[in-house]
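Structure first, then comments.
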Protein chains: 2
Amino acid sequence: MTGSEIAVRPIPWLDASGPEAEVVVSSRARLARNLQDVPFPHRADSLQSERVFERVVAAVQTTPAFRDSTVFDFELLPERDRSLLVERRLATPRLAKGSGARGVVVSRDESVAVLVNEEDHVRIQSIVPGLNLPSALAAAVDVDRALEGELEFAADRRLGYRTACPTNVGTGLRLSVQVHLPLLVWIGEVKRVHRAVAEMGMVLRGWLGEGSRAQGDLYQLSNQRTLGVTEEECAKLLERVVRRSLELQRDARDRILATDGRRARLEDRLARSWAILRSARLLSDEEAAACLSDVWSARVLGVGPGPTLEALRRLLVGLQPAHLAYATEGDEPLDGVRARRLREFFAEFPEPGTDLAHLRG
Amino acid sequence: MTGSEIAVRPIPWLDASGPEAEVVVSSRARLARNLQDVPFPHRADSLQSERVFERVVAAVQTTPAFRDSTVFDFELLPERDRSLLVERRLATPRLAKGSGARGVVVSRDESVAVLVNEEDHVRIQSIVPGLNLPSALAAAVDVDRALEGELEFAADRRLGYRTACPTNVGTGLRLSVQVHLPLLVWIGEVKRVHRAVAEMGMVLRGWLGEGSRAQGDLYQLSNQRTLGVTEEECAKLLERVVRRSLELQRDARDRILATDGRRARLEDRLARSWAILRSARLLSDEEAAACLSDVWSARVLGVGPGPTLEALRRLLVGLQPAHLAYATEGDEPLDGVRARRLREFFAEFPEPGTDLAHLRG
């Protein structure tokens, strides 16, 4: 499968029909596993890594969820295609930039993937739209169970699964939820969420996880604890944390709408973002994401009409550098292509009013 | 005359029909004079200052240029009206913020004014539209000659007129030209103009002269030397400096248009400024001036339809805080009023294209 074919495939987790879809983009479960009697990836020699890659890929391909799946061998895959998979959340920057035998097996609909020789030998991930951690967890667990018939995973009777990094020992599970928190960013209270989340043993990060920025006001909420807690308990706790941050955002919304000065500044910002999307000739990935985030906020606040949430999310993903490069002919600078596409897209919509006064409760 | 009456009067130097009107807003001549046998304003006591104010105002009112003139006594004038006169360039911040007997006599059409007890007892100023220093100089000299029949000015046979600050001794003349240098600002070469200007004994300052910022990319070019040079020589030299800076700007224009990346960035900026003027809900004085400056640049570059240069300049003056406050009822924040006025104004014009490629020579 070529990069240009991947770039145009639909992404299942962008579907905006999931629970709490206005604010929660997707829920993700990731299970870290390692093969018994083989050193962790960072200690394995190249022959050992190659063997791991072959064995895991073969095992994954036998499982039902990976019928008609695609294997991406990162030693052979061009850098541009690796970036494309990162933008689609099917690979991590670490896997894309690494070296040696490594890659990812992606199910036909991209809802599940197995990363091989990332930090651990095996990382099973499942992403579903909206706030739906049990569903993401169940899909990952299904793959895990199917693989356990084919591979022997390193485990300790007392501690649980062994992982390359001690923070994953135990369940090897990282659950995460991608949330859109524009009003908390705008009112300067992301720190409040950070605190509330940390108190409940969870962590708030940029939208692509560890080390990434919060582009487009998108954040990732995830668990820290993997030891002495069951997968189901972990999912319940994270869901509580997500609901708490949604409450904090609703609270921020009410306070913004209740204050004339704040409301006027928000109206100004929404109007400007709309105008920039319709008019700019050059737009960086980051600025485009910020403006699209504002249009999204306006939709959620009830200012309309405008594009659907799903269309906005598709733009957020599709206008990232690797995706855009595949959609571009010649050597036109990407910032120019991005701006033109957004101008064309937004030209179809009438300019919305941005008066928020009527929303005051 | 009340502030609200002043605020709506036409300003003669905004007329965009003068020479080089696309880039040169106005030319100004200012003559510093002091009464014999009275200490300079900063040394005079309050009784002396009052006497000076009365004598000068009486003398000015007898001259033909000041038939039907208005006397603004700054001891009685509210702060808001003093700011209004500063925004119209009929007073200086120093005169507005000062204390004691002081003020300004303004001719019926606002083309000439006499400031009393500013840094010197008498400052005669004349402003004309476009690049026309001889005309500005002639008008100021006429007033000076007429006043010399009524008042005795302190002068030294060898040095010339005595002034409070030694930099004005001699002719007491400061000639200045208000120029719009957006492309030089944009390409980061204002320093080049600073240097070229300094080499010719002139100085480049923000648009309202000493200590002011270059709001809306407007600068003031003026002479430094007042000793051992005639008024006419000074005018000729300053005109040469102005023409040199216009050349530098034309040169900057050609280089911008010749480079794809630079041209695209300029197109982007012009498109964004237009969009902000049409859409923003809050606009500071400074940002409005910057956006209006871009629309002005677009007009001069040949993009467009759009508002006339004169209309843009009237907006630049009329949307300053004191002017805007007079045009506003209630306590609506000025940034909101300014944005609404600009939205209403620009709604009448179709969105211009901003493609500059066809302008390349």
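In the structure tokens, the first chain shown is A, the next is B, and so on; residue numbers restart at 1 for each chain, and ligands run from 1 in the order shown.
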
Compile the contact shell of segment 15-30 of chain B as a count of residues only: residues with an atom at most 7 Å away, counting only C-alpha atoms, same-chain residues fewer than 2 positions apart removed. 28

Identify all chain A residues at most 7 Å from chain B by counting only C-alpha atoms; ligands do not count. Present them as a ChimeraX atom specification. /A:267-268,271-272,275-276,279-282

Nearest residue to Arg33 of chain B from the set B:Phe53, B:Phe153, B:Tyr326, B:Phe346 (distances using only C-alpha atoms):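 Among the listed residues, B:Phe153 lies closest to Arg33 of chain B.
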
DSSP strand (DSSP E or B) residues within segment 136-309 of chain A, listed as a VMD selection string: chain A and resid 153 155 to 156 160 to 161 170 173 to 180 202 to 206 218 to 223

Write out, as a CSV table (one decimal), in the first residue's frame, the residues just selected, with N, CA, C and O atoms.
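As a result, result09.csv now contains:
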```
chain,number,residue,atom,x,y,z
A,153,PHE,N,4.5,-14.4,26.1
A,153,PHE,CA,4.8,-13.0,26.6
A,153,PHE,C,5.5,-13.2,27.9
A,153,PHE,O,5.1,-14.0,28.8
A,155,ALA,N,6.2,-12.6,31.6
A,155,ALA,CA,5.3,-12.1,32.7
A,155,ALA,C,5.9,-12.7,34.0
A,155,ALA,O,6.6,-13.7,34.0
A,156,ASP,N,5.5,-12.0,35.1
A,156,ASP,CA,6.0,-12.3,36.4
A,156,ASP,C,4.7,-12.6,37.2
A,156,ASP,O,3.8,-11.8,37.2
A,160,GLY,N,3.1,-9.2,37.1
A,160,GLY,CA,2.3,-9.0,35.9
A,160,GLY,C,3.3,-9.0,34.7
A,160,GLY,O,4.4,-9.5,34.8
A,161,TYR,N,2.8,-8.4,33.6
A,161,TYR,CA,3.6,-8.3,32.4
A,161,TYR,C,4.9,-7.5,32.6
A,161,TYR,O,4.9,-6.5,33.2
A,170,GLY,N,3.1,-4.6,34.9
A,170,GLY,CA,1.8,-4.9,35.5
A,170,GLY,C,0.9,-5.2,34.4
A,170,GLY,O,1.1,-6.2,33.7
A,173,LEU,N,-0.9,-1.6,30.5
A,173,LEU,CA,-2.0,-0.9,29.8
A,173,LEU,C,-1.8,0.6,29.9
A,173,LEU,O,-1.6,1.2,31.0
A,174,ARG,N,-1.9,1.3,28.8
A,174,ARG,CA,-2.1,2.8,28.9
A,174,ARG,C,-3.4,3.1,28.2
A,174,ARG,O,-3.6,2.8,27.0
A,175,LEU,N,-4.3,3.7,28.9
A,175,LEU,CA,-5.6,4.1,28.4
A,175,LEU,C,-5.5,5.6,28.2
A,175,LEU,O,-4.9,6.3,29.0
A,176,SER,N,-6.0,6.1,27.1
A,176,SER,CA,-5.9,7.6,26.9
A,176,SER,C,-7.1,8.1,26.1
A,176,SER,O,-7.7,7.3,25.3
A,177,VAL,N,-7.4,9.3,26.3
A,177,VAL,CA,-8.6,9.9,25.7
A,177,VAL,C,-8.1,11.3,25.2
A,177,VAL,O,-7.4,12.0,25.8
A,178,GLN,N,-8.5,11.5,23.9
A,178,GLN,CA,-8.1,12.8,23.3
A,178,GLN,C,-9.3,13.8,23.5
A,178,GLN,O,-10.4,13.5,23.0
A,179,VAL,N,-9.0,14.9,24.2
A,179,VAL,CA,-10.1,15.8,24.5
A,179,VAL,C,-9.7,17.2,24.0
A,179,VAL,O,-8.6,17.6,23.9
A,180,HIS,N,-10.8,18.0,23.6
A,180,HIS,CA,-10.7,19.3,23.1
A,180,HIS,C,-11.0,20.3,24.2
A,180,HIS,O,-12.2,20.4,24.6
A,202,MET,N,-3.7,10.5,37.2
A,202,MET,CA,-3.7,10.5,35.7
A,202,MET,C,-2.8,11.6,35.2
A,202,MET,O,-2.3,12.4,36.0
A,203,VAL,N,-2.6,11.7,33.9
A,203,VAL,CA,-1.7,12.7,33.4
A,203,VAL,C,-2.3,13.4,32.1
A,203,VAL,O,-3.1,12.7,31.4
A,204,LEU,N,-2.0,14.7,31.9
A,204,LEU,CA,-2.5,15.4,30.8
A,204,LEU,C,-1.3,15.8,29.9
A,204,LEU,O,-0.3,16.3,30.4
A,205,ARG,N,-1.4,15.4,28.6
A,205,ARG,CA,-0.3,15.7,27.7
A,205,ARG,C,-0.8,16.3,26.4
A,205,ARG,O,-2.0,16.4,26.2
A,206,GLY,N,0.1,16.7,25.5
A,206,GLY,CA,-0.2,17.2,24.2
A,206,GLY,C,-1.0,16.1,23.4
A,206,GLY,O,-1.0,15.0,23.8
A,218,LEU,N,-6.0,20.4,21.6
A,218,LEU,CA,-6.3,19.0,21.8
A,218,LEU,C,-5.3,18.5,22.9
A,218,LEU,O,-4.1,18.6,22.7
A,219,TYR,N,-5.9,17.8,23.8
A,219,TYR,CA,-5.0,17.2,24.9
A,219,TYR,C,-5.3,15.7,25.0
A,219,TYR,O,-6.3,15.2,24.6
A,220,GLN,N,-4.3,15.0,25.6
A,220,GLN,CA,-4.5,13.6,25.9
A,220,GLN,C,-4.5,13.4,27.4
A,220,GLN,O,-3.5,13.8,28.1
A,221,LEU,N,-5.5,12.7,27.8
A,221,LEU,CA,-5.6,12.4,29.3
A,221,LEU,C,-5.3,10.9,29.4
A,221,LEU,O,-5.9,10.1,28.6
A,222,SER,N,-4.4,10.5,30.2
A,222,SER,CA,-4.1,9.0,30.3
A,222,SER,C,-3.7,8.6,31.7
A,222,SER,O,-3.4,9.4,32.6
A,223,ASN,N,-3.8,7.3,31.9
A,223,ASN,CA,-3.5,6.7,33.2
A,223,ASN,C,-1.9,6.7,33.4
A,223,ASN,O,-1.2,6.6,32.4
```

When you look at Val60 of chain B with a cut-off of 12 Å (counting only C-alpha atoms), what residues show up, excluding the ones that are within fewer than 6 positions of it in the same chain? I need them as a PyMOL selection string. chain B and resi 52-54+66-71+104-107+112-116+122-124+142-151

With DSSP run on the backbone, what are the alpha helix (DSSP H) residues within segment 170-343 of chain A? I'd like them as a PyMOL selection string. chain A and resi 182-186+190-199+231-258+260-279+285-301+309-318+321-326+334-343

Print the selection's residues with C-alpha atoms to a file, as a compact mmCIF listing (two decimals), in the first residue's frame.
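Wrote it out as out.txt, contents follow:
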```txt
# COMPACT_ATOMS: atom_id res chain seq x y z
CA PRO A 182 -10.21 25.27 24.03
CA LEU A 183 -12.07 27.29 26.66
CA LEU A 184 -9.80 26.09 29.45
CA VAL A 185 -6.77 27.05 27.36
CA TRP A 186 -8.34 30.38 26.54
CA VAL A 190 -5.25 24.17 31.82
CA LYS A 191 -3.08 24.08 34.94
CA ARG A 192 -6.22 23.53 36.98
CA VAL A 193 -6.97 20.44 34.90
CA HIS A 194 -3.35 19.30 35.22
CA ARG A 195 -3.73 19.46 38.98
CA ALA A 196 -7.14 17.82 39.16
CA VAL A 197 -5.94 15.04 36.87
CA ALA A 198 -2.68 14.46 38.76
CA GLU A 199 -4.58 14.19 42.05
CA GLU A 231 -7.76 -2.89 33.46
CA GLU A 232 -11.43 -2.26 34.20
CA GLU A 233 -10.73 -0.18 37.32
CA CYS A 234 -8.29 1.87 35.32
CA ALA A 235 -10.88 2.53 32.60
CA LYS A 236 -13.48 3.60 35.17
CA LEU A 237 -11.09 5.95 36.92
CA LEU A 238 -9.95 7.58 33.67
CA GLU A 239 -13.53 8.07 32.58
CA ARG A 240 -14.19 9.87 35.86
CA VAL A 241 -11.20 12.13 35.23
CA VAL A 242 -12.43 12.90 31.71
CA ARG A 243 -15.87 13.79 33.01
CA ARG A 244 -14.29 16.01 35.63
CA SER A 245 -12.34 17.93 32.99
CA LEU A 246 -15.49 18.32 30.89
CA GLU A 247 -17.14 19.83 33.98
CA LEU A 248 -14.23 22.22 34.42
CA GLN A 249 -14.62 23.30 30.81
CA ARG A 250 -18.38 23.83 31.17
CA ASP A 251 -17.63 25.90 34.24
CA ALA A 252 -15.10 27.96 32.26
CA ARG A 253 -17.70 28.44 29.52
CA ASP A 254 -20.25 29.81 31.99
CA ARG A 255 -17.77 32.20 33.50
CA ILE A 256 -16.70 33.47 30.07
CA LEU A 257 -20.27 34.07 28.95
CA ALA A 258 -21.16 35.79 32.23
CA ASP A 260 -18.95 41.12 29.15
CA GLY A 261 -15.25 41.73 28.63
CA ARG A 262 -14.35 38.05 28.40
CA ARG A 263 -17.27 37.31 26.12
CA ALA A 264 -16.28 40.16 23.81
CA ARG A 265 -12.70 38.88 23.63
CA LEU A 266 -13.90 35.38 22.81
CA GLU A 267 -16.26 36.71 20.13
CA ASP A 268 -13.34 38.65 18.69
CA ARG A 269 -11.15 35.58 18.62
CA LEU A 270 -13.77 33.38 16.96
CA ALA A 271 -14.46 36.04 14.33
CA ARG A 272 -10.75 36.47 13.59
CA SER A 273 -10.08 32.75 13.25
CA TRP A 274 -12.95 32.40 10.83
CA ALA A 275 -11.67 35.38 8.84
CA ILE A 276 -8.12 33.99 8.73
CA LEU A 277 -9.29 30.59 7.50
CA ARG A 278 -11.24 32.31 4.73
CA SER A 279 -8.52 34.76 3.74
CA ASP A 285 0.07 23.53 10.57
CA GLU A 286 -0.05 25.06 14.04
CA GLU A 287 -1.99 28.21 13.16
CA ALA A 288 -4.45 26.29 10.99
CA ALA A 289 -5.09 23.91 13.92
CA ALA A 290 -5.62 26.85 16.28
CA CYS A 291 -8.13 28.50 13.91
CA LEU A 292 -9.96 25.23 13.24
CA SER A 293 -10.12 24.69 16.99
CA ASP A 294 -11.87 28.06 17.32
CA VAL A 295 -14.42 27.17 14.64
CA TRP A 296 -14.99 23.90 16.49
CA SER A 297 -15.50 25.83 19.75
CA ALA A 298 -17.95 28.15 18.02
CA ARG A 299 -19.95 25.12 16.84
CA VAL A 300 -19.97 23.61 20.32
CA LEU A 301 -20.96 26.97 21.83
CA LEU A 309 -17.37 18.54 13.75
CA GLU A 310 -16.34 15.56 11.67
CA ALA A 311 -15.34 17.78 8.73
CA LEU A 312 -13.28 19.97 11.07
CA ARG A 313 -11.48 16.94 12.52
CA ARG A 314 -10.77 15.57 9.05
CA LEU A 315 -9.19 18.92 8.20
CA LEU A 316 -7.12 18.84 11.40
CA VAL A 317 -5.69 15.46 10.42
CA GLY A 318 -5.60 15.93 6.65
CA PRO A 321 2.46 18.12 6.75
CA ALA A 322 2.79 14.49 5.57
CA HIS A 323 -0.87 14.20 4.57
CA LEU A 324 -0.75 17.52 2.76
CA ALA A 325 2.47 16.61 0.96
CA TYR A 326 0.69 13.60 -0.59
CA LEU A 334 2.81 23.49 2.08
CA ASP A 335 1.73 26.61 3.99
CA GLY A 336 0.38 28.01 0.73
CA VAL A 337 -1.40 24.77 -0.21
CA ARG A 338 -2.91 24.51 3.27
CA ALA A 339 -4.22 28.09 3.14
CA ARG A 340 -5.72 27.58 -0.34
CA ARG A 341 -7.49 24.39 0.69
CA LEU A 342 -8.95 26.09 3.75
CA ARG A 343 -10.04 29.14 1.73
```

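Computed from the coordinates, the atom CA of Arg82 of chain A to atom CA of Leu95 of chain A distance equals 8.6 Å.
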
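Between atom CA of Glu79 of chain B and atom CA of Lys97 of chain B the interatomic distance comes to 8.4 Å.
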
Identify which of the residues B:Asn34, B:Thr328, B:Gln48, B:Gln320 lies closest to Arg162 of chain B, counting only C-alpha atoms when measuring atom-to-atom distances. B:Asn34

Calculate how many Å separate atom CA of Pro352 of chain B from atom CA of Gly188 of chain B, rounding to one decimal.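 We find that atom CA of Pro352 of chain B and atom CA of Gly188 of chain B lie 25.9 Å from each other.
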